[in-house]
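Trainee: Provided herewith is a single structure, encoded as structure tokens, for subsequent inquiry.
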Amino acid sequence: MKTTHIEHIGIAVRNLEEAISFYTDVLGLKCYGIEEVMDQKVKTAFFKVGDTKIELLESTDPEGPIGKFVEKKGAGIHHLAFAVDNIEDALSDAKEKGVRLIDESPRKGAEGLDIGFLHPKSTLGVLTELCQNKK
């Protein structure tokens, strides 16, 4: 697996508009995109800090993954995402090395990325996302 950079840090929030205000008004960042990913039951907002993005995630359904996360753990860092050259190979390589996969094959994520998650029980407690931009 070739990891090229940290693609983004995903942060679960209870209220997207309030979180956007914090990142813009307090930290001085610019929100460059808001998007709903229906199959993941989430609405996202993106900010760029240098070459790394911050992805704010608000659940659109309490039974969705972010809704369950916020209910159980509260708002906060949800996942760390790494960019890879080839998502299929990266997932296969991780599986061959004994990593438990949440996604056996890539699926579409926000910003049109192909994504796959590695289970936190296999990644030292950190939900890890692998991303490939095929644009």
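Chain identifiers are assigned as A, B, and so on, following the order in which chains appear in the structure tokens; residues are numbered from 1 within each chain, and ligands are numbered from 1 in order of appearance.
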Write out as a ChimeraX atom specification all residues of region 48-134 of chain A that DSSP puts in alpha helix (DSSP H) for this structure's backbone.

Mentor: /A:65-73,87-96

Trainee: Considering only C-alpha atoms, return as a PyMOL selection string whatever protein or nucleic-acid residues lie within 12 Å of Gly112 (chain A), sequence-local ones (same chain, fewer than 5 positions apart) excluded.

Mentor: chain A and resi 35-37+106-107+131-135

Trainee: For N, CA and C atoms, I'd like the residues from the last selection saved as a compact mmCIF listing (two decimals), in the first residue's frame.

Mentor:
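As a result, out_16.txt now contains:
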# COMPACT_ATOMS: atom_id res chain seq x y z
N GLU A 35 -22.03 19.07 1.38
CA GLU A 35 -22.55 17.98 0.54
C GLU A 35 -23.26 16.96 1.42
N GLU A 36 -24.34 16.40 0.91
CA GLU A 36 -25.00 15.30 1.60
C GLU A 36 -24.64 13.99 0.91
N VAL A 37 -24.25 13.01 1.71
CA VAL A 37 -23.97 11.67 1.19
C VAL A 37 -25.09 10.78 1.73
N PRO A 106 -14.26 -0.81 -2.43
CA PRO A 106 -14.48 0.63 -2.34
C PRO A 106 -15.93 1.02 -2.58
N ARG A 107 -16.31 2.15 -2.00
CA ARG A 107 -17.62 2.75 -2.24
C ARG A 107 -17.41 4.24 -2.43
N CYS A 131 -8.64 6.57 0.92
CA CYS A 131 -9.32 7.34 -0.12
C CYS A 131 -8.50 7.37 -1.39
N GLN A 132 -9.19 7.32 -2.51
CA GLN A 132 -8.55 7.51 -3.80
C GLN A 132 -9.37 8.48 -4.63
N ASN A 133 -8.70 9.47 -5.16
CA ASN A 133 -9.36 10.42 -6.05
C ASN A 133 -9.09 9.95 -7.47
N LYS A 134 -10.13 9.46 -8.15
CA LYS A 134 -9.96 8.94 -9.50
C LYS A 134 -10.26 9.98 -10.57
N LYS A 135 -10.37 11.23 -10.16
CA LYS A 135 -10.66 12.31 -11.14
C LYS A 135 -9.49 12.52 -12.06

Trainee: For the atom pair CA of Thr128 (chain A) and CA of Arg14 (chain A), what is the interatomic distance in Å to one decimal place?

Mentor: 21.0 Å

Trainee: Can you tell me, as a PyMOL selection string, which residues in region 27-100 of chain A count as strand (DSSP E or B) by DSSP?

Mentor: chain A and resi 31-37+42-49+52-59+76-84

Trainee: Would you put the residues from that selection into a file with N, CA and C atoms, as a compact mmCIF listing (two decimals), in the first residue's frame?

Mentor:
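Wrote result_12.txt, looks like this:
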# COMPACT_ATOMS: atom_id res chain seq x y z
N CYS A 31 -15.18 27.61 4.53
CA CYS A 31 -15.90 26.40 4.12
C CYS A 31 -16.02 26.44 2.60
N TYR A 32 -15.45 25.44 1.93
CA TYR A 32 -15.48 25.46 0.47
C TYR A 32 -16.50 24.49 -0.12
N GLY A 33 -17.16 23.70 0.72
CA GLY A 33 -18.16 22.79 0.17
C GLY A 33 -19.01 22.13 1.23
N ILE A 34 -20.29 22.04 0.93
CA ILE A 34 -21.25 21.32 1.77
C ILE A 34 -21.92 20.30 0.87
N GLU A 35 -22.03 19.07 1.38
CA GLU A 35 -22.55 17.98 0.54
C GLU A 35 -23.26 16.96 1.42
N GLU A 36 -24.34 16.40 0.91
CA GLU A 36 -25.00 15.30 1.60
C GLU A 36 -24.64 13.99 0.91
N VAL A 37 -24.25 13.01 1.71
CA VAL A 37 -23.97 11.67 1.19
C VAL A 37 -25.09 10.78 1.73
N VAL A 42 -25.40 11.25 6.06
CA VAL A 42 -24.56 12.30 6.63
C VAL A 42 -24.53 13.53 5.72
N LYS A 43 -24.41 14.68 6.35
CA LYS A 43 -24.18 15.94 5.64
C LYS A 43 -22.79 16.41 6.05
N THR A 44 -21.99 16.82 5.06
CA THR A 44 -20.60 17.17 5.32
C THR A 44 -20.31 18.62 4.95
N ALA A 45 -19.31 19.18 5.61
CA ALA A 45 -18.77 20.49 5.25
C ALA A 45 -17.26 20.36 5.25
N PHE A 46 -16.61 20.97 4.26
CA PHE A 46 -15.17 20.84 4.11
C PHE A 46 -14.44 22.17 4.25
N PHE A 47 -13.27 22.08 4.89
CA PHE A 47 -12.35 23.19 5.06
C PHE A 47 -10.97 22.68 4.67
N LYS A 48 -10.11 23.58 4.20
CA LYS A 48 -8.75 23.18 3.87
C LYS A 48 -7.78 23.94 4.76
N VAL A 49 -6.84 23.18 5.32
CA VAL A 49 -5.77 23.74 6.14
C VAL A 49 -4.47 23.23 5.53
N THR A 52 -4.21 19.60 3.91
CA THR A 52 -5.11 18.68 4.58
C THR A 52 -6.49 19.29 4.71
N LYS A 53 -7.50 18.45 4.60
CA LYS A 53 -8.87 18.91 4.74
C LYS A 53 -9.43 18.49 6.10
N ILE A 54 -10.37 19.29 6.58
CA ILE A 54 -11.18 18.97 7.74
C ILE A 54 -12.58 18.69 7.19
N GLU A 55 -13.13 17.55 7.55
CA GLU A 55 -14.49 17.18 7.12
C GLU A 55 -15.38 17.16 8.36
N LEU A 56 -16.34 18.08 8.43
CA LEU A 56 -17.33 18.05 9.50
C LEU A 56 -18.47 17.17 9.06
N LEU A 57 -18.97 16.31 9.96
CA LEU A 57 -20.00 15.34 9.62
C LEU A 57 -21.18 15.47 10.58
N GLU A 58 -22.35 15.77 10.04
CA GLU A 58 -23.58 15.81 10.83
C GLU A 58 -24.50 14.71 10.32
N SER A 59 -25.02 13.93 11.23
CA SER A 59 -25.91 12.83 10.84
C SER A 59 -27.24 13.38 10.32
N GLY A 76 -16.84 14.88 18.16
CA GLY A 76 -15.38 14.85 18.22
C GLY A 76 -14.78 14.15 17.03
N ILE A 77 -13.49 13.88 17.11
CA ILE A 77 -12.81 13.24 15.98
C ILE A 77 -13.42 11.86 15.74
N HIS A 78 -13.82 11.64 14.50
CA HIS A 78 -14.47 10.39 14.10
C HIS A 78 -13.51 9.47 13.36
N HIS A 79 -12.73 10.03 12.42
CA HIS A 79 -11.81 9.19 11.66
C HIS A 79 -10.66 9.99 11.08
N LEU A 80 -9.64 9.25 10.68
CA LEU A 80 -8.47 9.80 10.01
C LEU A 80 -8.43 9.15 8.63
N ALA A 81 -8.32 9.98 7.60
CA ALA A 81 -8.35 9.47 6.22
C ALA A 81 -7.01 9.68 5.54
N PHE A 82 -6.53 8.62 4.89
CA PHE A 82 -5.28 8.66 4.16
C PHE A 82 -5.55 8.49 2.67
N ALA A 83 -4.85 9.27 1.85
CA ALA A 83 -4.94 9.11 0.40
C ALA A 83 -4.01 7.97 -0.02
N VAL A 84 -4.51 7.14 -0.92
CA VAL A 84 -3.72 6.04 -1.46
C VAL A 84 -3.78 6.10 -2.99

Trainee: Quick one: of A:Lys2, A:Lys30, A:Lys121, A:Lys41, who's nearest to Glu88 (chain A), counting only C-alpha atoms?

Mentor: A:Lys2

Trainee: With distances taken over only C-alpha atoms, which residue among A:Ala19, A:Leu29, A:Leu91, A:Ile66 lies nearest Ser105 (chain A)?

Mentor: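 When distances to Ser105 (chain A) are compared using only C-alpha atoms, the smallest one comes from A:Leu91.
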
Trainee: With distances taken over only C-alpha atoms, which residue among A:Leu101, A:Met1, A:Val126, A:Leu118 lies nearest Ile87 (chain A)?

Mentor: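 Looking at the shortest contact to Ile87 (chain A), the residue is A:Met1.
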
Trainee: One decimal, Å: what's the distance from CA of Lys108 (chain A) over to CA of Gly50 (chain A), could you say?

Mentor: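 Distance reported for this atom pair: 24.4 Å.
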
Trainee: Would you list the contacts of Val99 (chain A) as an MDAnalysis selection string, taking every protein, DNA or RNA residue within 10 Å and counting only C-alpha atoms, but skipping same-chain residues closer than 3 positions in sequence?

Mentor: chainID A and resid 91:96 102 118:123

Trainee: Please produce a file of the residues just selected, as a PDB file, in the first residue's frame, where the atoms kept are N, CA and C atoms.

Mentor:
ATOM      1  N   LEU A  91      -6.925  -1.868   0.077  1.00  0.00           N
ATOM      2  CA  LEU A  91      -7.827  -2.678   0.904  1.00  0.00           C
ATOM      3  C   LEU A  91      -7.385  -4.142   0.908  1.00  0.00           C
ATOM      4  N   SER A  92      -7.012  -4.648  -0.254  1.00  0.00           N
ATOM      5  CA  SER A  92      -6.552  -6.031  -0.359  1.00  0.00           C
ATOM      6  C   SER A  92      -5.284  -6.245   0.466  1.00  0.00           C
ATOM      7  N   ASP A  93      -4.356  -5.308   0.374  1.00  0.00           N
ATOM      8  CA  ASP A  93      -3.101  -5.384   1.110  1.00  0.00           C
ATOM      9  C   ASP A  93      -3.358  -5.363   2.625  1.00  0.00           C
ATOM     10  N   ALA A  94      -4.239  -4.479   3.058  1.00  0.00           N
ATOM     11  CA  ALA A  94      -4.556  -4.399   4.484  1.00  0.00           C
ATOM     12  C   ALA A  94      -5.166  -5.712   4.971  1.00  0.00           C
ATOM     13  N   LYS A  95      -6.066  -6.277   4.177  1.00  0.00           N
ATOM     14  CA  LYS A  95      -6.703  -7.546   4.549  1.00  0.00           C
ATOM     15  C   LYS A  95      -5.668  -8.667   4.630  1.00  0.00           C
ATOM     16  N   GLU A  96      -4.765  -8.722   3.656  1.00  0.00           N
ATOM     17  CA  GLU A  96      -3.713  -9.746   3.653  1.00  0.00           C
ATOM     18  C   GLU A  96      -2.823  -9.640   4.889  1.00  0.00           C
ATOM     19  N   ILE A 102     -13.939  -2.815   7.235  1.00  0.00           N
ATOM     20  CA  ILE A 102     -15.363  -2.484   7.273  1.00  0.00           C
ATOM     21  C   ILE A 102     -15.900  -2.587   5.849  1.00  0.00           C
ATOM     22  N   LEU A 118     -11.191   0.894   7.466  1.00  0.00           N
ATOM     23  CA  LEU A 118     -10.547  -0.168   8.228  1.00  0.00           C
ATOM     24  C   LEU A 118     -11.106  -0.108   9.646  1.00  0.00           C
ATOM     25  N   HIS A 119     -11.400  -1.264  10.220  1.00  0.00           N
ATOM     26  CA  HIS A 119     -12.035  -1.323  11.542  1.00  0.00           C
ATOM     27  C   HIS A 119     -11.080  -0.853  12.628  1.00  0.00           C
ATOM     28  N   PRO A 120     -11.566  -0.008  13.554  1.00  0.00           N
ATOM     29  CA  PRO A 120     -10.681   0.507  14.609  1.00  0.00           C
ATOM     30  C   PRO A 120     -10.100  -0.568  15.529  1.00  0.00           C
ATOM     31  N   LYS A 121     -10.713  -1.730  15.593  1.00  0.00           N
ATOM     32  CA  LYS A 121     -10.142  -2.810  16.410  1.00  0.00           C
ATOM     33  C   LYS A 121      -8.851  -3.341  15.800  1.00  0.00           C
ATOM     34  N   SER A 122      -8.616  -3.043  14.525  1.00  0.00           N
ATOM     35  CA  SER A 122      -7.385  -3.467  13.859  1.00  0.00           C
ATOM     36  C   SER A 122      -6.421  -2.314  13.610  1.00  0.00           C
ATOM     37  N   THR A 123      -6.813  -1.101  14.003  1.00  0.00           N
ATOM     38  CA  THR A 123      -5.998   0.075  13.681  1.00  0.00           C
ATOM     39  C   THR A 123      -5.700   0.902  14.936  1.00  0.00           C
TER      40      THR A 123
END

Trainee: Report the distance between CA of Thr3 (chain A) and CA of Met38 (chain A) in Å, rounded to one decimal place.

Mentor: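 That distance, rounded to one decimal, is 27.5 Å.
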